[in-house]
Structure formats: structure tokens, C-alpha cells
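The block underneath contains the structure these notes are about, expressed in C-alpha cells.
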Amino acid sequence: MPAIFVENLTKVFNGLRAVDGISFEVKEGELFGLLGPNGAGKTTTLNMLATLIRPTSGKAFVSGFDVLKEREKVRRSIGMVFQEPALDNYLTGRENLEFHGMMYGLSRKEAKGRVKEALKIVELEEFADKLVETYSGGMKRRLEIARALVHQPKVLFLDEPTLGLDAQTRRRIWNYIKKLNKERGVTIILTTHYMEEADFLADRVAIIDFGKIVALDTPENLKNILGGDVISIEVDNWQNAKKVFEKLTWVKKINHENGIFYLQVEKGEEKIPLLIKIDEKEAGFKIKSINLRKPTLEDVFLHFTGKTIREREASQKERFRERAKRHRR
Amino acid sequence: MEINFTAIYILWLREMKRFLRSWSRMVSMLMIPLFFLIFLGFGFKGAFFPGIGYTKDYLHFLVPGIIAMALVSTSMIAGLSVLWDREFGFLKEIMVAPVSRVSIIIGRIVGGITTSIIQAILILIISIGMGFSFLSFPSLLLAILIMVLISSGFIGLGLIFASIIRDIQGFGLIIQLIIMPLIFLSGAFFPLKNIPKFLKYLSYFNPLTYGVEGLRRLLIGFSFLPFWLDFIVLLSFSFLSIIFGSYLFEKSEI
């Protein structure tokens with residue numbers, strides 16, 4: 001049984017197809033990423049899986065429970081960290097967590113034990129008895145991750161877990177997420193619009209754009225679709241260089257522009273030494289500079305949608321504004 | 001829909017902790033009714049109005065009204081505080097928990113009733129310090145029952161408004177446009193006999209009128225309307241508003 005099974009899931013808001021017939025499966029113990037620009041439908045998808053909003057059509061099962069018919073069972077088996085903090089600022093960190101535990105049916109004693117453990121994982125024991133009001137953004141996010149662990153869910157939903165956090169805190173949270181997934185076997189599904197986050201964390205990534213999944217695979221395979229790494233070489237005599245490069249069997253494709261060659265290869269880091277070994281006199285050209293570029297998920301997104309994620313976010317906003325205008329009329 | 005008592009207890013406990021930690025909020029909520037009590041109470045001390053009945057003095061006439069006033073504002077705010085939870089995201093945390101919406105609503109209502117009764121009793125204590133005396137302890141206990149009905153009814157009304165306005169911008173407006181007219185039209189400060197006929201009829205549609213009357217009957221032994229009427233109107237008001245408020249809350253998505 002997959003941890004999550006989604007088929008043709010659709011949500012329409014005011015005539016706008018926020019999520020448009022998506023289907024995917026997440027295996028147990030997998031760390032699954034939903035990557036896409038803001039407004040692509042990632043949060044809506046999570047909210048439907050968490051039973052917070054009802055799908056317009058389609059099916060979804062979490063831990064084998066139907067999100068439409070077995071809402072409480074679904075809720076019991078999931079933990080959720082929302083995009084925006086969902087904490088009570090006038091309670092302490094510990095109280096927030098203990099209340100959560102008891103809402104999920106733990107006894108006070110059980111809750112206390114689990115809370116202690118969860119606070120330890122996110123290294124917040126020291127601040128546990130301070131009001132949440134006094135926490136920084138990063139501390140709040142860590143506290144929320146801890147809270148989602150208190151009832152030991154099988155599946156953990158993380159909605160943009162590092163949004164608005166500084167680089168250092170982001171790293172720290174990434175490590176917690178990895179650890180939870182690897183050491184405790186929690187199935188995690190996270191949404192993000194940070195390429196490097198999806199690349200670093202996810203076992204598999206679904207790229208989502210305008211409510212549709214445009215690609216779904218491991219980050220490695222997605223990047224390989226683009227044909228591997230690109231080595232750019234600047235030379236002093238491009239005619240001679242071209243002859244040499246054309247003879248290299250491991251070069252898949254050659255592009256030439258303004259005296260710079262772009263060689264498409266696999267495992268570029270192993271090919272650079274080979275290029276340097278080429279005998280200058282025999283070949284009749286000198287290498288002036290050499291650079292290796294590995295494709296990122298950003299390139300993959302560009303490949304599938306024809307836009308960078310940032311451009312897409314801008315046009316997404318326009319789309320919403322247009323809609324809002326039309327609705328007002 | 002099963003009722004989950006732990007969840008109700010947790011939500012009640014949360015309300016208590018927040019209440020006890022924010023003294024400033026409590027003081028500011030009590031400020032307005034206290035101003036009315038102190039200035040009108042002392043200002044009109046010994047004054048006699050037509051229609052005031054055979055109460056000892058104006059202070060005795062006023063105190064049940066002030067208590068009702070405090071109950072209305074604290075209860076409406078307790079119902080409307082759903083808006084704050086929505087604004088600060090905590091509502092999502094509650095909604096995603098595996099407990100029925102009914103339990104969530106009951107928890108909120110019980111919490112709201114407790115805090116507003118505490119505030120009403122504080123007002124009562126202050127007015128006793130000003131020279132107010134109530135009938136007897138048994139009737140005080142009955143009065144507390146009436147306070148619970150008033151409070152639950154207006155918490156329900158708060159829940160209804162919270163579902164309608166959906167953001168905290170509308171909050172101040174509700175307070176201004178709903179609570180103040182309700183209080184003035186309830187006969188809390190003066191006998192309704194003295195206002196124009198049109199307004200007087202309007203006041204019969206105001207559930208708070210029956211609250212004020214009921215409290216007067218039980219605290220000072222005097223009222224214009226029969227007690228059974230007060231009781232029935234309050235009971236049905238609180239029942240209906242809670243049912244309707246819960247229905248709207250139940251239906252709402254985050």
C-alpha cells in the first residue's frame with residue numbers, strides 16, 4: 001500500500017483550476033517533493049490531502065484512508081507543518097506541544113514524554129518554557145516540526161518548511177527533515193519553490209505548474225533529461241579545437257558561440273582532466289579557460305515550462321489579478 | 001460526530017491560560033462597563049426616575065444592567081476570537097486535529113462562558129463595594145445560570161459574525177455597531193418605559209432585554225417582564241445562536 005495515492009485530484013476555486021487533475025503515488029518511507037512556483041497549487045494539494053479542504057473531484061488516499069470519507073482517520077495518521085506559523089503565541093513552546101499531543105489522544109503523561117523527546121530533536125529544550133511570542137521565525141518553524149512529531153504520524157506534510165528563513169537555519173531544518181526520514185522512516189511530502197531544497201532533500205520530485213504535474217522523477221533522472229553536464233571551453237584557435245572535439249567519442253553535442261565551446265557530456269568532472277591532457281602542439285590550440293556546469297532543477301523547470309520559476313511566479317500573480325478583476329465586475 | 005472531552009478540556013484550558021496571562025486584556029475589557037458603573041452609579045446616586053420601580057436606588061437598578069453589558073461584550077469577543085485564531089494561523093492547527101468540530105465549538109463556548117462569568121462576578125464584587133446588595137445566595141446562583149445563558153447566546157452570535165466577516169478588519173465595526181445598540185436597547189441603564197414606543201417595541205426583539213430583566217429579578221427582586229418569559233427567551237436564544245453559529249463554523253473551510 002502506498003503512503004499516499006492520488007488520482008485525478010482537482011480543486012476549482014471561483015472557476016480557477018488551482019489543482020488540475022493530478023495523479024501520483026508516494027511510497028512508504030519516501031521523501032517526496034512538490035516543486036513549483038507560488039500559486040501552482042502545491043498548498044491546495046496538501047490541504048486536500050490533510051482534509052482541510054474538499055477536492056472538487058478525484059480521489060486521494062493517505063495511509064490507505066480516503067480523504068473524503070475517513071477524514072478523522074486521515075488526520076490521526078498525519079502530521080502537518082503549515083506554511084505560516086500555526087502556534088498559540090500566548091502559550092509556551094511546551095504547552096503548545098503538550099496540548100497538541102492531548103488533542104491527538106495521548107494521556108498527559110505520554111504527551112509530556114513525547115514532547116520532551118520532540119523538543120530534543122529540534123534542540124529547543126532550553127526555550128521550551130518561554131512564550132512562543134518571544135521565539136524567532138526559525139525557532140517557531142522548528143517548534144512546529146517538533147509538534148508534528150509528538151503524535152508520531154506515519155506521514156508528515158511540510159508546506160514550504162524553510163520559507164523566509166536564513167541560510168543557516170534552512171540548513172539546520174534540512175538536516176532535521178533528512179534525519180526524520182532516514183532514521184525514523186517517516187514518509188514526508190514537502191512543497192517548495194526552492195530548487196536546491198527539492199534537489200537536496202527529495203527522493204523524487206514532482207514539478208507542478210498551473211495545477212498540473214509536468215514531470216515526476218528522481219532529481220538525478222530529471223536532470224539527465226537535459227542531456228547531462230555542460231563543459232564550456234574558451235580556446236585561442238577554434239577551427240583546430242573543433243576538429244579535435246569532434247573526434248572525442250564521449251562528447252554528445254557541441255555548441256559553439258563567440259569562441260567558446262559548449263560540450264554536452266556525462267559526468268563532466270571526470271572529463272575535464274581528459275581535456276587538459278590534450279597536447280597543445282599536436283592539436284594546434286590552447287585552452288584559455290574551462291568551466292563545468294551541472295544542470296539544476298531550475299534548468300529542468302525551464303525545459304518543461306519554457307519559463308524560469310521566477311518568471312512563472314510573476315505571470316501567476318498577473319493571472320490571479322486578472323481573475324480578481326473579472327470577478328469584481 | 002462524537003464529542004471528545006479531552007479536546008474540550010484542552011481548549012478550555014488554553015482559554016484559561018491565555019486569560020490569566022493577559023491581565024491587560026481583561027482590564028481593558030472591563031474598563032468600559034466599570035466606567036459606566038462608577039460614573040453613572042455615583043453620578044445618579046439617589047436619583048429617582050419614573051419607571052425605576054421600587055428599587056432602593058439607581059445603583060441597584062444599574063448593577064444588573066452593567067453585569068449584562070460586561071457579559072455581552074466579553075462573550076461576543078470570545079465568539080469572535082475565532083477570527084484571531086484564523087489570522088494567526090492557530091485555527092488550522094485545531095482544524096487538522098482528529099477531533100470533531102462539535103468538540104472544538106463546545107471547548108470554545110465553555111472557555112468563553114468561564115471567562116465572561118469570572119468578569120461578571122468581578123463587577124458584582126466591585127459593585128458590592130459601592131453599596132450594592134443582592135437578594136440572597138440561592139437567587140445569586142440562579143442569576144449565574146442566567147449569566148451562562150446570556151453568555152452562551154452571545155458567544156454563538158460572535159461565532160455567527162466570525163463566519164460572516166471572516167477577517168479581523170470587520171471586528172471593530174461589529175463591536176461598535178452591534179454591541180452598543182444592543183446594550184442601549186436593553187434597558188440596562190434606564191427603564192425602557194421612558195423611550196419612544198417605536199424603540200420600545202424594537203427592544204422586545206433584543207435578547208439582551210430579557211437578560212437584563214432576568215438578572216434584575218434575581219439580583220434585586222424587581223423586573224417589568226415576567227421571569228418565565230425571560231428564561232424562555234434566553235434559553236431559546238442561546239440554543240438557536242449556538243446551533244446556527246456551530247453550523248456556520250462547521251461548514252467553514254480554512
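Following the order of the C-alpha cells, first chain is A, next is B, and so on, with residues numbered from 1 inside each chain and ligands from 1 in the order they appear.
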Residue hits in chain B, query chain A, radius 7 Å, only C-alpha atoms, as a list in words: Thr6, Ala7, Ile10, Arg18, Phe88, Gly89, Phe90, Lys92, Glu93, Val96, Ala97, Pro98, Glu253 and Ile254 of chain B
Contact residues around Lys59 of chain A with only C-alpha atoms at 6 Å, ignoring same-chain residues under 4 positions, as a PyMOL selection string: chain A and resi 6-7+9
Test item, strand (DSSP E) assignment across segment 97-286 of chain A, answer as number ranges by chain: A: 155-159, 187-192, 204-209, 212-217, 229-235, 253-257, 260-265
Surrounding residues of Asp236 of chain A excluding itself and chain neighbours under 5 positions, 12 Å, only C-alpha atoms, as a ChimeraX atom specification: /A:241-242,258-261,280,283-289
Export, as a PDB file, in the first residue's frame, the selected residues with C-alpha atoms.
```
ATOM      1  CA  ALA A 241      39.766  22.887 -31.497  1.00  0.00           C
ATOM      2  CA  LYS A 242      36.590  21.967 -33.304  1.00  0.00           C
ATOM      3  CA  ASN A 258      31.804  33.620 -29.550  1.00  0.00           C
ATOM      4  CA  GLY A 259      34.905  31.468 -29.351  1.00  0.00           C
ATOM      5  CA  ILE A 260      33.502  29.378 -26.527  1.00  0.00           C
ATOM      6  CA  PHE A 261      32.600  25.735 -26.977  1.00  0.00           C
ATOM      7  CA  GLU A 280      48.762  21.673 -27.304  1.00  0.00           C
ATOM      8  CA  ALA A 283      46.194  19.761 -31.597  1.00  0.00           C
ATOM      9  CA  GLY A 284      47.170  23.274 -32.508  1.00  0.00           C
ATOM     10  CA  PHE A 285      45.173  25.213 -29.896  1.00  0.00           C
ATOM     11  CA  LYS A 286      45.460  26.380 -26.325  1.00  0.00           C
ATOM     12  CA  ILE A 287      42.770  26.205 -23.669  1.00  0.00           C
ATOM     13  CA  LYS A 288      42.243  29.646 -22.148  1.00  0.00           C
ATOM     14  CA  SER A 289      39.575  28.760 -19.615  1.00  0.00           C
TER      15      SER A 289
END
```
Non-local contacts of Phe189 of chain B (8 Å; only C-alpha atoms; under 3 positions in same chain excluded) as a list of chain:residue names: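 The neighbour list is B:Phe61, B:Leu62, B:Gly65, B:Ile66, B:Phe184.
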Output file for the residues above (N, CA and C atoms, as an mmCIF file, in the first residue's frame):
```cif
data_model
loop_
_atom_site.group_PDB
_atom_site.id
_atom_site.type_symbol
_atom_site.label_atom_id
_atom_site.label_comp_id
_atom_site.auth_asym_id
_atom_site.auth_seq_id
_atom_site.Cartn_x
_atom_site.Cartn_y
_atom_site.Cartn_z
ATOM 1 N N PHE B 61 -30.662 49.550 40.466
ATOM 2 C CA PHE B 61 -31.262 49.377 39.143
ATOM 3 C C PHE B 61 -30.180 49.112 38.093
ATOM 4 N N LEU B 62 -29.043 49.797 38.263
ATOM 5 C CA LEU B 62 -27.988 49.807 37.256
ATOM 6 C C LEU B 62 -27.144 48.529 37.238
ATOM 7 N N GLY B 65 -27.773 45.634 34.927
ATOM 8 C CA GLY B 65 -27.541 46.098 33.554
ATOM 9 C C GLY B 65 -26.066 46.084 33.201
ATOM 10 N N ILE B 66 -25.243 46.564 34.144
ATOM 11 C CA ILE B 66 -23.796 46.594 33.887
ATOM 12 C C ILE B 66 -23.246 45.178 33.755
ATOM 13 N N PHE B 184 -27.822 49.615 24.716
ATOM 14 C CA PHE B 184 -28.718 50.740 24.972
ATOM 15 C C PHE B 184 -30.184 50.345 24.824
#
```
Neighbour list for Asn8 of chain A as a ChimeraX atom specification, cut-off 9 Å, only C-alpha atoms, skip fewer than 5 positions in-chain: /A:20-24,57-60
Atom CA of Asn38 of chain A to atom CA of Thr192 of chain A, straight-line distance in Å: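 Rounded to one decimal, the two atoms are 8.7 Å apart.
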Name all residues at most 9 Å from segment 134-139 of chain A (count only C-alpha atoms; drop same-chain ones fewer than 4 positions away) and give them as a PDB file with C-alpha atoms, in the first residue's frame.
```pdb
ATOM      1  CA  PRO A  85       3.078  29.638  11.760  1.00  0.00           C
ATOM      2  CA  ASN A  89       1.737  32.842  20.847  1.00  0.00           C
ATOM      3  CA  GLY A  93       6.501  26.085  23.419  1.00  0.00           C
ATOM      4  CA  VAL A 122      14.804  20.254  17.220  1.00  0.00           C
ATOM      5  CA  LEU A 124      14.580  23.717  21.684  1.00  0.00           C
ATOM      6  CA  PHE A 127      13.405  27.662  25.325  1.00  0.00           C
ATOM      7  CA  LYS A 130       9.191  30.621  27.151  1.00  0.00           C
ATOM      8  CA  LEU A 143       8.782  24.072  17.192  1.00  0.00           C
ATOM      9  CA  GLU A 144       6.154  23.303  14.578  1.00  0.00           C
ATOM     10  CA  THR A 162      12.102  26.869   5.075  1.00  0.00           C
ATOM     11  CA  GLY A 164      11.647  33.087   4.758  1.00  0.00           C
ATOM     12  CA  LEU A 165      14.415  31.558   6.851  1.00  0.00           C
ATOM     13  CA  ASP A 166      18.091  32.472   6.668  1.00  0.00           C
ATOM     14  CA  THR A 169      18.533  27.947   9.779  1.00  0.00           C
ATOM     15  CA  ARG A 170      17.497  26.436   6.474  1.00  0.00           C
ATOM     16  CA  ILE A 173      15.921  22.334   9.189  1.00  0.00           C
TER      17      ILE A 173
END
```
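When the distance limit is 12 Å and only C-alpha atoms are what count, the residues near Arg184 of chain A, minus those fewer than 2 positions from it on the same chain, are Glu28, Gly29, Glu30, Ile121, Leu149, Gln152, Pro153, Lys154, Val155, Leu156, Tyr176, Ile177, Lys178, Lys179, Leu180, Asn181, Lys182, Val186, Thr187 and Ile188 of chain A.
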Write out the residues from the selection above, keeping N, CA and C atoms, as a PDB file, in the first residue's frame.
```pdb
ATOM      1  N   GLU A  28       5.908   4.264   0.970  1.00  0.00           N
ATOM      2  CA  GLU A  28       6.162   4.396   2.401  1.00  0.00           C
ATOM      3  C   GLU A  28       7.644   4.671   2.635  1.00  0.00           C
ATOM      4  N   GLY A  29       7.946   5.608   3.502  1.00  0.00           N
ATOM      5  CA  GLY A  29       9.334   5.928   3.819  1.00  0.00           C
ATOM      6  C   GLY A  29      10.003   6.847   2.809  1.00  0.00           C
ATOM      7  N   GLU A  30       9.254   7.276   1.811  1.00  0.00           N
ATOM      8  CA  GLU A  30       9.827   8.141   0.791  1.00  0.00           C
ATOM      9  C   GLU A  30       9.802   9.610   1.226  1.00  0.00           C
ATOM     10  N   ILE A 121      14.845  16.773  19.626  1.00  0.00           N
ATOM     11  CA  ILE A 121      15.200  16.604  18.219  1.00  0.00           C
ATOM     12  C   ILE A 121      15.465  17.959  17.564  1.00  0.00           C
ATOM     13  N   LEU A 149       5.594  15.989  15.279  1.00  0.00           N
ATOM     14  CA  LEU A 149       6.146  14.664  15.579  1.00  0.00           C
ATOM     15  C   LEU A 149       5.562  14.054  16.833  1.00  0.00           C
ATOM     16  N   GLN A 152       3.555  11.049  16.626  1.00  0.00           N
ATOM     17  CA  GLN A 152       4.210  10.030  15.801  1.00  0.00           C
ATOM     18  C   GLN A 152       3.409   9.652  14.562  1.00  0.00           C
ATOM     19  N   PRO A 153       3.236  10.611  13.670  1.00  0.00           N
ATOM     20  CA  PRO A 153       2.467  10.332  12.463  1.00  0.00           C
ATOM     21  C   PRO A 153       3.250   9.442  11.505  1.00  0.00           C
ATOM     22  N   LYS A 154       2.513   8.743  10.649  1.00  0.00           N
ATOM     23  CA  LYS A 154       3.167   7.916   9.631  1.00  0.00           C
ATOM     24  C   LYS A 154       3.609   8.792   8.471  1.00  0.00           C
ATOM     25  N   VAL A 155       2.789   9.820   8.227  1.00  0.00           N
ATOM     26  CA  VAL A 155       3.075  10.700   7.096  1.00  0.00           C
ATOM     27  C   VAL A 155       3.171  12.127   7.610  1.00  0.00           C
ATOM     28  N   LEU A 156       4.211  12.823   7.151  1.00  0.00           N
ATOM     29  CA  LEU A 156       4.409  14.202   7.582  1.00  0.00           C
ATOM     30  C   LEU A 156       4.310  15.126   6.362  1.00  0.00           C
ATOM     31  N   TYR A 176      17.195  18.205  10.017  1.00  0.00           N
ATOM     32  CA  TYR A 176      16.145  17.547  10.807  1.00  0.00           C
ATOM     33  C   TYR A 176      15.262  16.705   9.896  1.00  0.00           C
ATOM     34  N   ILE A 177      14.907  17.286   8.764  1.00  0.00           N
ATOM     35  CA  ILE A 177      13.982  16.598   7.857  1.00  0.00           C
ATOM     36  C   ILE A 177      14.614  15.306   7.344  1.00  0.00           C
ATOM     37  N   LYS A 178      15.863  15.398   6.941  1.00  0.00           N
ATOM     38  CA  LYS A 178      16.576  14.209   6.445  1.00  0.00           C
ATOM     39  C   LYS A 178      16.620  13.137   7.518  1.00  0.00           C
ATOM     40  N   LYS A 179      16.957  13.602   8.731  1.00  0.00           N
ATOM     41  CA  LYS A 179      17.119  12.675   9.848  1.00  0.00           C
ATOM     42  C   LYS A 179      15.807  11.947  10.142  1.00  0.00           C
ATOM     43  N   LEU A 180      14.727  12.709  10.172  1.00  0.00           N
ATOM     44  CA  LEU A 180      13.414  12.117  10.448  1.00  0.00           C
ATOM     45  C   LEU A 180      13.085  11.042   9.433  1.00  0.00           C
ATOM     46  N   ASN A 181      13.371  11.365   8.193  1.00  0.00           N
ATOM     47  CA  ASN A 181      13.032  10.458   7.109  1.00  0.00           C
ATOM     48  C   ASN A 181      13.918   9.212   7.143  1.00  0.00           C
ATOM     49  N   LYS A 182      15.218   9.410   7.325  1.00  0.00           N
ATOM     50  CA  LYS A 182      16.150   8.282   7.247  1.00  0.00           C
ATOM     51  C   LYS A 182      16.105   7.444   8.526  1.00  0.00           C
ATOM     52  N   VAL A 186       9.826   8.124   8.649  1.00  0.00           N
ATOM     53  CA  VAL A 186       8.587   8.870   8.418  1.00  0.00           C
ATOM     54  C   VAL A 186       8.487   9.214   6.932  1.00  0.00           C
ATOM     55  N   THR A 187       7.337   8.933   6.337  1.00  0.00           N
ATOM     56  CA  THR A 187       7.104   9.356   4.960  1.00  0.00           C
ATOM     57  C   THR A 187       6.903  10.866   4.979  1.00  0.00           C
ATOM     58  N   ILE A 188       7.616  11.565   4.126  1.00  0.00           N
ATOM     59  CA  ILE A 188       7.492  13.030   4.142  1.00  0.00           C
ATOM     60  C   ILE A 188       7.122  13.520   2.753  1.00  0.00           C
TER      61      ILE A 188
END
```
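Shortest separation to Ala70 of chain B among B:Pro226, B:Gly107, B:Gly170, B:Gly211 occurs at residue B:Gly211, atoms counted being only C-alpha atoms.
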Atom CA of Pro273 of chain A to atom CA of Lys247 of chain A, straight-line distance in Å: 16.6 Å
Of the listed residues B:Arg86, B:Lys251, B:Arg14, B:Arg21, that which approaches Arg166 of chain B most closely, counting only C-alpha atoms: B:Arg86
Picked from segment 26-193 of chain B by DSSP as alpha helix (DSSP H), as a VMD selection string: chain B and resid 26 to 35 41 to 43 58 to 80 82 to 87 90 to 95 101 to 129 137 to 165 171 to 174 180 to 184
